[in-house]
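Asker: Here you go, model12.txt (compact mmCIF, C-alpha atoms (C1' of nucleotides)):
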# COMPACT_ATOMS: atom_id res chain seq x y z
CA MET O 1 64.41 122.09 91.40
CA ILE O 2 65.27 122.68 87.79
CA THR O 3 68.72 121.22 87.30
CA ALA O 4 71.00 121.63 84.32
CA LEU O 5 74.05 119.61 83.44
CA VAL O 6 76.44 121.43 81.14
CA ASP O 7 79.08 119.21 79.59
CA CYS O 8 81.84 120.22 77.17
CA ASN O 9 81.88 118.30 73.90
CA ASN O 10 85.05 116.22 73.36
CA PHE O 11 86.62 118.60 75.84
CA TYR O 12 90.34 117.96 75.34
CA VAL O 13 90.00 117.95 71.56
CA SER O 14 87.94 121.14 71.71
CA CYS O 15 90.62 122.88 73.80
CA GLU O 16 93.26 122.00 71.22
CA ARG O 17 91.04 123.19 68.38
CA VAL O 18 90.56 126.62 69.93
CA PHE O 19 94.24 127.34 69.28
CA ASP O 20 94.87 125.30 66.17
CA ARG O 21 92.30 125.64 63.42
CA ARG O 22 94.04 122.98 61.34
CA LEU O 23 92.49 120.45 63.71
CA GLU O 24 88.96 121.30 62.54
CA ASN O 25 87.11 118.70 60.48
CA ILE O 26 89.75 116.00 60.78
CA PRO O 27 90.01 113.01 63.13
CA VAL O 28 91.81 114.19 66.30
CA VAL O 29 92.80 111.88 69.15
CA VAL O 30 94.20 113.08 72.46
CA LEU O 31 96.36 110.45 74.15
CA SER O 32 96.72 109.58 77.83
CA ASN O 33 99.92 110.20 79.75
CA ASN O 34 102.87 108.45 78.14
CA ASP O 35 100.98 108.63 74.84
CA GLY O 36 99.46 105.31 75.85
CA CYS O 37 95.86 105.24 74.74
CA ALA O 38 93.03 107.39 73.38
CA ILE O 39 91.25 109.44 76.05
CA ALA O 40 89.47 112.00 73.87
CA ARG O 41 88.31 111.80 70.27
CA SER O 42 86.82 114.24 67.85
CA ALA O 43 83.54 113.28 66.18
CA GLU O 44 85.54 112.36 63.05
CA ALA O 45 87.77 110.03 65.08
CA LYS O 46 84.74 108.44 66.76
CA SER O 47 83.17 107.76 63.40
CA LEU O 48 86.32 105.92 62.36
CA GLY O 49 85.38 103.52 65.15
CA ILE O 50 88.11 104.49 67.59
CA GLU O 51 86.96 103.57 71.10
CA LEU O 52 87.85 105.29 74.32
CA GLY O 53 90.95 103.58 75.71
CA THR O 54 92.22 102.18 72.43
CA PRO O 55 96.03 101.84 72.65
CA PHE O 56 97.94 104.26 70.45
CA HIS O 57 99.66 101.52 68.49
CA LYS O 58 96.31 99.97 67.61
CA CYS O 59 94.80 103.11 66.09
CA ARG O 60 97.86 104.95 64.80
CA ASP O 61 97.63 103.82 61.20
CA LEU O 62 93.89 104.30 60.96
CA VAL O 63 94.08 107.90 62.15
CA LEU O 64 97.11 108.85 60.09
CA THR O 65 95.81 107.35 56.84
CA ASN O 66 92.67 109.44 57.33
CA ASN O 67 94.74 112.62 57.65
CA GLY O 68 94.06 112.70 61.35
CA LYS O 69 96.26 113.93 64.18
CA PHE O 70 97.39 112.71 67.59
CA LEU O 71 98.09 114.99 70.53
CA SER O 72 99.67 114.23 73.90
CA SER O 73 97.51 115.36 76.78
CA ASN O 74 98.23 118.92 77.87
CA TYR O 75 96.58 119.21 81.27
CA THR O 76 97.90 122.68 81.91
CA LEU O 77 95.93 123.90 78.91
CA TYR O 78 92.80 121.87 79.72
CA GLY O 79 92.81 123.00 83.35
CA ASP O 80 93.03 126.63 82.35
CA MET O 81 90.34 126.33 79.68
CA SER O 82 88.15 124.55 82.21
CA SER O 83 88.30 127.44 84.64
CA ARG O 84 87.36 129.85 81.85
CA VAL O 85 84.31 127.75 81.00
CA MET O 86 83.31 127.46 84.67
CA ASN O 87 83.64 131.21 85.10
CA VAL O 88 81.21 131.81 82.28
CA LEU O 89 78.76 129.22 83.61
CA SER O 90 78.79 130.72 87.08
CA MET O 91 77.12 133.82 85.63
CA PHE O 92 74.01 131.80 84.93
CA SER O 93 73.40 130.58 88.46
CA PRO O 94 74.69 131.22 91.96
CA ASP O 95 74.12 127.53 92.69
CA MET O 96 76.67 125.63 90.71
CA GLU O 97 78.66 122.45 91.29
CA VAL O 98 81.82 121.98 89.27
CA TYR O 99 81.54 118.25 88.86
CA SER O 100 84.61 117.49 86.77
CA ILE O 101 87.09 119.22 84.51
CA ASP O 102 84.45 119.49 81.78
CA GLU O 103 81.07 119.35 83.53
CA ALA O 104 78.99 121.43 85.89
CA PHE O 105 75.55 121.13 87.47
CA LEU O 106 73.50 124.30 87.86
CA TYR O 107 70.24 124.98 89.68
CA LEU O 108 68.14 127.21 87.48
CA PRO O 109 65.33 129.51 88.50
CA GLU O 110 61.79 128.65 87.42
CA ILE O 111 61.67 130.20 83.99
CA GLU O 112 59.31 130.25 81.10
CA SER O 113 61.64 128.90 78.48
CA PRO O 114 64.40 126.63 79.75
CA TYR O 115 65.22 125.75 76.19
CA GLU O 116 66.05 129.36 75.37
CA LEU O 117 68.23 129.58 78.45
CA ALA O 118 70.08 126.43 77.39
CA GLU O 119 70.67 128.00 74.01
CA LYS O 120 71.99 131.15 75.63
CA ILE O 121 74.38 129.16 77.81
CA ARG O 122 75.68 127.31 74.77
CA ALA O 123 76.16 130.44 72.70
CA THR O 124 77.85 132.42 75.46
CA VAL O 125 80.33 129.71 76.40
CA ARG O 126 81.10 129.14 72.74
CA GLN O 127 81.68 132.78 72.01
CA TRP O 128 83.69 133.61 75.11
CA THR O 129 85.87 130.49 75.33
CA GLY O 130 85.61 128.75 71.97
CA ILE O 131 84.39 125.55 73.62
CA PRO O 132 81.18 123.84 72.43
CA VAL O 133 78.98 122.48 75.21
CA SER O 134 75.80 120.43 75.52
CA VAL O 135 73.08 121.23 78.02
CA GLY O 136 70.63 118.81 79.62
CA ILE O 137 67.80 120.14 81.78
CA SER O 138 65.46 118.21 84.08
CA THR O 139 64.45 117.96 87.72
CA THR O 140 67.21 115.90 89.38
CA LYS O 141 70.91 115.37 88.78
CA VAL O 142 70.47 111.87 87.39
CA LEU O 143 67.71 113.07 85.05
CA ALA O 144 69.79 116.11 84.00
CA LYS O 145 72.61 113.71 83.12
CA THR O 146 70.15 111.65 81.13
CA ALA O 147 68.90 114.74 79.31
CA ASN O 148 72.44 115.81 78.54
CA ARG O 149 73.28 112.44 77.06
CA THR O 150 70.12 112.57 75.00
CA ALA O 151 71.16 116.00 73.69
CA LYS O 152 74.54 114.66 72.66
CA LYS O 153 73.13 111.57 70.99
CA ASN O 154 70.53 113.31 68.86
CA PRO O 155 71.91 115.79 66.34
CA ALA O 156 68.38 117.17 65.96
CA SER O 157 68.41 118.42 69.54
CA ASN O 158 71.08 120.95 68.62
CA GLY O 159 73.05 120.37 71.82
CA ALA O 160 70.26 121.13 74.25
CA PHE O 161 67.56 118.87 75.66
CA VAL O 162 64.87 119.69 78.18
CA MET O 163 62.66 117.14 79.91
CA LEU O 164 60.46 118.48 82.65
CA ASP O 165 56.99 116.93 82.28
CA ASP O 166 56.34 113.34 83.29
CA GLU O 167 55.25 112.17 79.88
CA LYS O 168 58.43 113.31 78.23
CA ILE O 169 60.62 111.91 81.01
CA LYS O 170 58.91 108.54 80.75
CA SER O 171 59.30 108.36 77.03
CA VAL O 172 63.02 109.20 77.21
CA LEU O 173 63.64 106.72 80.03
CA SER O 174 61.88 103.94 78.15
CA SER O 175 64.48 104.06 75.41
CA PHE O 176 67.45 104.84 77.63
CA SER O 177 69.68 101.82 78.20
CA VAL O 178 70.44 100.96 81.85
CA SER O 179 74.13 100.88 81.07
CA ASP O 180 74.01 104.58 80.15
CA ILE O 181 72.54 105.68 83.46
CA TRP O 182 74.86 107.82 85.58
CA GLY O 183 75.98 105.60 88.45
CA VAL O 184 75.30 102.30 86.72
CA GLY O 185 78.59 100.84 85.58
CA ASP O 186 79.57 97.57 83.95
CA ALA O 187 78.92 95.29 86.88
CA TYR O 188 75.47 96.63 87.71
CA SER O 189 74.30 96.85 84.12
CA ARG O 190 75.25 93.23 83.51
CA LYS O 191 73.35 92.24 86.62
CA LEU O 192 70.30 94.32 85.71
CA ILE O 193 70.17 93.01 82.18
CA SER O 194 70.37 89.45 83.49
CA TYR O 195 67.16 90.21 85.41
CA GLY O 196 65.53 91.57 82.26
CA ILE O 197 65.81 95.21 83.35
CA MET O 198 66.84 96.76 80.08
CA ASN O 199 66.05 100.45 80.21
CA ALA O 200 65.86 103.29 82.72
CA LEU O 201 62.07 103.12 82.93
CA ASP O 202 62.21 99.42 83.86
CA LEU O 203 64.70 100.26 86.59
CA SER O 204 62.65 103.14 87.97
CA LEU O 205 59.67 100.79 88.43
CA MET O 206 61.56 98.22 90.53
CA ASP O 207 60.84 97.62 94.18
CA ASP O 208 62.93 99.68 96.62
CA LYS O 209 63.86 96.70 98.77
CA TRP O 210 65.15 94.76 95.81
CA ILE O 211 67.20 97.72 94.59
CA LYS O 212 68.74 98.27 97.99
CA LYS O 213 69.65 94.62 98.30
CA GLU O 214 71.21 94.37 94.86
CA MET O 215 72.72 97.84 94.45
CA THR O 216 73.07 99.19 98.00
CA ILE O 217 71.84 102.57 99.11
CA VAL O 218 73.77 104.15 96.23
CA GLY O 219 71.59 102.38 93.68
CA LEU O 220 68.43 103.29 95.55
CA ARG O 221 69.35 106.97 95.36
CA ILE O 222 69.80 106.68 91.60
CA VAL O 223 66.40 105.03 91.23
CA HIS O 224 64.69 107.73 93.29
CA GLU O 225 66.33 110.40 91.16
CA LEU O 226 65.02 108.65 88.05
CA ARG O 227 61.56 109.00 89.57
CA GLY O 228 62.14 112.72 89.95
CA ILE O 229 62.85 112.68 93.69
CA SER O 230 66.01 114.65 94.27
CA CYS O 231 68.36 112.95 96.73
CA ILE O 232 71.85 113.72 95.45
CA PRO O 233 72.49 117.25 96.68
CA LEU O 234 74.30 119.94 94.75
CA GLU O 235 77.78 120.38 96.19
CA THR O 236 78.55 124.00 95.57
CA VAL O 237 81.79 124.04 97.57
CA ALA O 238 84.43 121.53 96.56
CA ALA O 239 85.23 119.34 99.56
CA ASP O 240 88.85 118.79 100.52
CA LYS O 241 90.34 115.55 99.26
CA LYS O 242 90.65 112.82 101.85
CA ASN O 243 93.46 111.11 100.00
CA ILE O 244 95.92 112.39 97.46
CA CYS O 245 97.67 110.17 95.01
CA SER O 246 100.48 110.73 92.55
CA SER O 247 101.54 107.98 90.21
CA ARG O 248 102.84 107.67 86.67
CA SER O 249 103.95 105.04 84.25
CA PHE O 250 107.56 105.47 83.23
CA GLY O 251 108.47 106.58 79.72
CA VAL O 252 111.10 103.84 79.65
CA PRO O 253 111.36 100.82 81.98
CA VAL O 254 113.18 101.46 85.23
CA THR O 255 115.58 98.78 86.44
CA THR O 256 117.80 100.45 89.02
CA LEU O 257 117.05 101.55 92.56
CA LYS O 258 118.64 104.93 91.81
CA GLU O 259 116.12 105.72 89.07
CA MET O 260 113.24 104.33 91.09
CA LYS O 261 114.15 106.63 93.95
CA GLU O 262 114.35 109.62 91.61
CA ALA O 263 110.86 108.93 90.28
CA MET O 264 109.51 108.27 93.75
CA SER O 265 110.94 111.59 94.98
CA ALA O 266 109.34 113.46 92.11
CA TYR O 267 105.89 111.90 92.68
CA ALA O 268 106.16 112.38 96.44
CA ALA O 269 107.06 116.04 95.99
CA ASN O 270 104.16 116.45 93.58
CA ALA O 271 101.70 114.84 95.99
CA ALA O 272 103.01 116.95 98.87
CA GLU O 273 102.49 120.13 96.90
CA LYS O 274 98.93 119.13 95.96
CA MET O 275 98.28 118.39 99.62
CA ARG O 276 99.54 121.78 100.79
CA ARG O 277 97.45 123.51 98.13
CA GLN O 278 94.34 122.36 100.00
CA LYS O 279 96.01 123.20 103.33
CA SER O 280 96.22 119.64 104.60
CA ALA O 281 98.76 117.42 106.28
CA ALA O 282 99.10 113.64 105.97
CA SER O 283 98.71 111.13 108.78
CA ALA O 284 100.02 108.22 106.74
CA ILE O 285 101.60 107.40 103.41
CA SER O 286 101.66 104.39 101.19
CA VAL O 287 103.87 103.67 98.18
CA TYR O 288 103.81 101.01 95.52
CA LEU O 289 105.71 99.80 92.49
CA SER O 290 104.93 97.34 89.73
CA THR O 291 106.22 95.80 86.53
CA ASN O 292 104.28 95.93 83.25
CA PRO O 293 101.43 93.37 83.33
CA PHE O 294 101.17 93.51 79.52
CA ASN O 295 104.70 92.09 79.18
CA ASP O 296 105.83 88.49 79.31
CA SER O 297 108.80 89.47 81.47
CA PRO O 298 108.91 88.39 85.14
CA GLN O 299 106.25 90.19 87.17
CA TYR O 300 106.55 91.81 90.58
CA GLY O 301 104.55 94.39 92.44
CA ASN O 302 104.40 95.41 96.06
CA SER O 303 103.37 98.18 98.39
CA ALA O 304 104.37 99.48 101.79
CA SER O 305 102.90 102.02 104.14
CA ALA O 306 103.74 103.95 107.26
CA LYS O 307 101.86 106.01 109.79
CA PHE O 308 103.26 109.22 111.16
CA MET O 309 103.21 110.00 114.87
CA THR O 310 101.95 113.44 113.98
CA PRO O 311 100.65 114.55 110.56
CA VAL O 312 103.39 115.70 108.17
CA PHE O 313 103.35 118.72 105.92
CA SER O 314 106.77 119.20 104.36
CA THR O 315 108.07 117.80 101.11
CA GLN O 316 111.27 116.81 102.90
CA GLN O 317 109.50 114.57 105.41
CA ILE O 318 107.22 112.99 102.83
CA VAL O 319 110.02 112.33 100.37
CA LYS O 320 112.27 110.87 103.06
CA GLU O 321 109.62 108.43 104.24
CA SER O 322 108.60 107.46 100.72
CA LEU O 323 112.20 106.65 99.82
CA SER O 324 112.72 104.40 102.79
CA LEU O 325 109.46 102.60 102.01
CA ILE O 326 110.19 102.14 98.31
CA GLU O 327 113.68 100.88 99.13
CA SER O 328 112.15 98.24 101.40
CA ILE O 329 110.07 96.73 98.59
CA PHE O 330 112.40 97.25 95.62
CA ARG O 331 113.83 94.01 94.20
CA SER O 332 116.48 94.12 91.53
CA GLY O 333 116.19 92.01 88.40
CA PHE O 334 112.82 93.40 87.36
CA SER O 335 111.82 95.87 84.71
CA TYR O 336 109.51 98.35 86.44
CA LYS O 337 106.72 100.20 84.67
CA LYS O 338 105.17 102.27 87.37
CA CYS O 339 105.32 103.55 90.90
CA GLY O 340 103.21 105.83 93.00
CA ILE O 341 102.39 107.34 96.37
CA PHE O 342 99.20 107.85 98.38
CA LEU O 343 98.92 110.45 101.11
CA CYS O 344 96.18 109.29 103.46
CA GLY O 345 94.30 110.48 106.50
CA LEU O 346 94.55 114.10 105.45
CA VAL O 347 93.76 116.61 108.17
CA PRO O 348 93.62 120.42 108.11
CA ASP O 349 97.11 121.87 108.51
CA ASP O 350 95.99 124.26 111.21
CA SER O 351 95.50 121.36 113.55
CA LEU O 352 99.16 120.35 113.35
CA GLN O 353 100.55 119.63 116.76
CA GLY O 354 103.99 118.71 117.94
CA GLY O 355 104.53 115.11 119.00
CA LEU O 356 106.35 114.09 122.13
CA PHE O 357 109.13 112.47 120.13
CA CYS O 358 109.36 114.97 117.29
CA ASP O 359 111.97 117.57 116.62
CA TYR O 360 109.61 120.49 116.56
CA ALA O 361 112.18 123.11 115.56
CA ARG O 362 113.36 121.05 112.59
CA ASP O 363 109.81 120.31 111.42
CA GLU O 364 108.91 123.98 111.57
CA LYS O 365 111.91 124.87 109.48
CA GLU O 366 111.14 122.25 106.85
CA ASN O 367 107.51 123.31 106.71
CA LYS O 368 108.58 126.86 105.98
CA VAL O 369 110.99 125.75 103.26
CA SER O 370 108.16 123.82 101.59
CA MET O 371 105.88 126.83 101.62
CA VAL O 372 108.59 129.02 100.12
CA MET O 373 109.14 126.45 97.36
CA ASP O 374 105.41 126.40 96.65
CA SER O 375 105.19 130.15 96.30
CA ILE O 376 108.23 130.32 94.01
CA ASN O 377 106.85 127.54 91.82
CA LYS O 378 103.50 129.25 91.68
CA LYS O 379 105.08 132.46 90.52
CA TYR O 380 107.72 131.16 88.13
CA GLY O 381 106.15 127.92 86.92
CA LYS O 382 106.03 124.31 88.01
CA SER O 383 109.37 122.81 89.04
CA SER O 384 111.26 126.09 88.89
CA LEU O 385 112.54 124.84 92.22
CA PHE O 386 112.71 121.13 92.94
CA ILE O 387 114.55 118.82 95.28
CA ALA O 388 117.81 117.36 94.01
CA CYS O 389 116.92 113.72 94.61
CA GLU O 390 114.36 113.89 91.76
CA GLY O 391 117.41 113.76 89.45
CA ILE O 392 118.22 116.05 86.55
CA ASP O 393 117.87 113.98 83.40
CA LYS O 394 114.74 112.10 84.46
CA GLU O 395 115.02 109.56 81.69
CA TRP O 396 112.13 107.68 83.23
CA SER O 397 109.75 110.58 82.79
CA MET O 398 106.71 110.12 80.61
CA ARG O 399 106.58 110.37 76.86
CA ARG O 400 104.64 113.28 75.43
CA ASN O 401 105.75 113.31 71.86
CA PHE O 402 102.83 115.32 70.48
CA LYS O 403 102.23 117.96 73.12
CA SER O 404 100.80 121.31 72.05
CA PRO O 405 102.13 124.55 73.58
CA SER O 406 100.81 125.87 76.88
CA TYR O 407 99.09 128.65 74.97
CA THR O 408 97.40 130.25 77.94
CA THR O 409 99.78 129.75 80.86
CA ASN O 410 103.32 130.34 79.59
CA TRP O 411 104.55 133.64 78.13
CA ASN O 412 107.01 131.81 75.90
CA GLU O 413 104.31 129.67 74.35
CA LEU O 414 101.70 132.25 73.42
CA LEU O 415 99.92 131.72 70.14
CA LYS O 416 101.62 133.67 67.36
CA ILE O 417 99.41 135.30 64.73
CA LYS O 418 101.20 135.66 61.43
C1' DT S 1 108.38 99.11 71.01
C1' DC S 2 103.45 100.53 72.42
C1' DT S 3 97.65 99.64 77.13
C1' DG S 4 96.44 106.67 82.00
C1' DG S 5 95.70 108.96 86.34
C1' DG S 6 93.03 110.42 90.25
C1' DG S 7 89.34 110.14 93.04
C1' DT S 8 84.63 108.73 96.09
C1' DC S 9 81.36 105.89 98.65
C1' DC S 10 79.47 101.60 100.67
C1' DT S 11 79.50 96.99 102.81
C1' DA S 12 81.01 92.86 105.06
C1' DG S 13 83.72 90.84 108.24
C1' DG S 14 87.12 90.66 111.85
C1' DA S 15 88.98 92.45 116.14
C1' DC S 16 87.96 94.43 120.08
C1' DC S 17 85.21 96.53 124.05
C1' DC S 18 81.89 96.03 128.17
C1' DT L 1 71.85 69.26 122.72
C1' DC L 2 74.05 73.22 124.52
C1' DT L 3 77.71 78.74 123.73
C1' DG L 4 74.59 86.64 125.10
C1' DG L 5 73.79 91.09 123.47
C1' DG L 6 75.15 95.30 121.86
C1' DG L 7 78.31 98.26 120.20
C1' DT L 8 82.69 100.65 117.73
C1' DC L 9 86.53 100.81 114.74
C1' DC L 10 89.33 99.31 111.03
C1' DT L 11 90.35 97.19 106.60
C1' DA L 12 89.79 95.03 102.22
C1' DG L 13 87.28 94.77 98.37
C1' DG L 14 83.93 96.16 95.14
C1' DA L 15 81.23 99.46 92.91
C1' DC L 16 81.25 103.84 90.60
C1' DC L 17 82.83 108.57 88.39
C1' DC L 18 85.65 111.64 84.97
Starting from the coordinates I provided, produce the structure as structure tokens.
Answerer:
Amino acid sequence: MITALVDCNNFYVSCERVFDRRLENIPVVVLSNNDGCAIARSAEAKSLGIELGTPFHKCRDLVLTNNGKFLSSNYTLYGDMSSRVMNVLSMFSPDMEVYSIDEAFLYLPEIESPYELAEKIRATVRQWTGIPVSVGISTTKVLAKTANRTAKKNPASNGAFVMLDDEKIKSVLSSFSVSDIWGVGDAYSRKLISYGIMNALDLSLMDDKWIKKEMTIVGLRIVHELRGISCIPLETVAADKKNICSSRSFGVPVTTLKEMKEAMSAYAANAAEKMRRQKSAASAISVYLSTNPFNDSPQYGNSASAKFMTPVFSTQQIVKESLSLIESIFRSGFSYKKCGIFLCGLVPDDSLQGGLFCDYARDEKENKVSMVMDSINKKYGKSSLFIACEGIDKEWSMRRNFKSPSYTTNWNELLKIK
DNA sequence: TCTGGGGTCCTAGGACCC
DNA sequence: TCTGGGGTCCTAGGACCC
């Protein structure tokens, strides 16, 4: 099957550039939550040598002295731009897997000129959304990923790379480092290199038994895909999450139980809303807190979990349980950096059943309140309605000193043309 | 001063069953 | 010296992805 991987170039930076032309041709760095470290870089920023994950304070001067700009991440904008891009891509194939916020796999029909199609995809997405993309085309997902990376690495390829015949595939693989293969991370690439397996062609020629022993069945699938045997299917329908997590670092250290409980309530409410969006209920929850491991100050971290007799659905129930758990592990005298919640054992909400020891009438009422809150927040914007125990001032909330407007999702922040 | 957040899958080993 | 065979379920930990 002819498989394409379409990947947006420097996606977050590109989203920002669509609405602010002043960001063209200068180093632009988008920072993680809390303005902590670099998570997206323009080509100009990359050529200054700024690596993914570089802490803000370690690259601030370099970027600013080169007339560059920092931006806080604006996920509302990126999420909305992503769905625009995906909408355009879906016109090119009925068989599409949205793989991440900035990538999609597509099955393409057998066509005479895949290269022309790739060009058409690039031009259409660019014109309709403003986002530049790269296209890699081959016969399996792993090979399409490889082609895409090759397109990005070679300026001559003009953002599109096709490898369909064996000779071409072999020649690309022979100069493709194992550490760049999709599915081969740090640990495996170190291991492979220690065995003298340096490039993708070397890996594809290894014995199946050896691969399975050293890299489990997951590694074997990757190797087969490198050989052109498709074994990672296209997932056209996004599966429901099995776990949902919400966690954040604090903008300023948290030292009191009162603030910790406010933050915990906010994250719990956020996780509960995400869970209801996919129509699930949680069988268990787990919470954790921790100090800042990069500090010399006294360290402490802990977690606690609880199982519910019957799966829970409402924000009220989830917040209540999370607060009692976090209280049980909170110790005063520490400067906390982070806390979070996991909702586990998610089941479809239509299979909710009353438990013998539950107050069914109360649960029903709370479930309805949660759904009403969700619909109001959907209509009037996030956190139009929130529970009081999240606190009002939220001094612990994350830093986002350089956030751009929500150009596409908030009437008050529309782009103004002068 | 300052280092993100949110997921998935697989395996080994222990506990338990008959 | 010697201690069955076959299975399930759960959890922790390690690998990976963006």
Asker: Could you tell me how far CA of Ser134 (chain O) lies from CA of Leu192 (chain O), in Å and to one decimal?
Answerer: 28.6 Å
Asker: Got a sec to pull out which chain O residues are within 8 Å of chain L, counting all atoms listed in the file, and send them as an mmCIF file with C-alpha atoms, in the frame of the given file?
Answerer:
data_model
loop_
_atom_site.group_PDB
_atom_site.id
_atom_site.type_symbol
_atom_site.label_atom_id
_atom_site.label_comp_id
_atom_site.auth_asym_id
_atom_site.auth_seq_id
_atom_site.Cartn_x
_atom_site.Cartn_y
_atom_site.Cartn_z
ATOM 1 C CA SER O 100 84.610 117.490 86.770
ATOM 2 C CA ILE O 101 87.090 119.220 84.510
ATOM 3 C CA GLY O 183 75.980 105.600 88.450
ATOM 4 C CA VAL O 184 75.300 102.300 86.720
ATOM 5 C CA GLY O 185 78.590 100.840 85.580
ATOM 6 C CA ALA O 187 78.920 95.290 86.880
#
Asker: Around (89.7, 97.7, 64.9), as given in the file, which residues come within 9 Å? Count all atoms listed in the file and list them as a PDB file with C-alpha atoms, in the frame of the given file.
Answerer:
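And here is the file that came out, out_28.pdb:
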ATOM      1  CA  GLY O  49      85.380 103.520  65.150  1.00  0.00           C
ATOM      2  CA  ILE O  50      88.110 104.490  67.590  1.00  0.00           C
ATOM      3  CA  GLU O  51      86.960 103.570  71.100  1.00  0.00           C
ATOM      4  CA  LYS O  58      96.310  99.970  67.610  1.00  0.00           C
ATOM      5  CA  CYS O  59      94.800 103.110  66.090  1.00  0.00           C
ATOM      6  CA  LEU O  62      93.890 104.300  60.960  1.00  0.00           C
TER       7      LEU O  62
END
Asker: Quick one: axis-aligned box around all listed atoms of region 259-269 of chain O, 6 Å on every side, centre and edge lengths in Å to one decimal, written as lines of an AutoDock Vina configuration file.
Answerer:
center_x = 111.0
center_y = 110.2
center_z = 92.8
size_x = 22.2
size_y = 23.7
size_z = 19.4
Asker: Could you tell me how far CA of Gly381 (chain O) lies from CA of Leu77 (chain O), in Å and to one decimal?
Answerer: 13.6 Å
Asker: Using all atoms listed in the file, find the one residue out of O:Asp95, O:Glu259, O:Glu225, O:Asp165 that sits nearest to Cys389 (chain O).
Answerer: O:Glu259
Asker: Separation of CA of Lys242 (chain O) and CA of Asn33 (chain O), in Å?
Answerer: 24.1 Å
Asker: Taking (105.6, 106.1, 100.0) in the coordinates of the supplied file, I want to know which residues reach to within 8 Å of it, counting only C-alpha atoms (C1' of nucleotides); could you give the answer as number ranges by chain?
Answerer: O: 264, 268, 285-288, 304-306, 318-319, 321-326, 340-342
Asker: Of the candidates O:Ile137, O:Cys37, O:Met86, O:Ala151, which one gets nearest to Ala4 (chain O) if we count only C-alpha atoms?
Answerer: O:Ile137
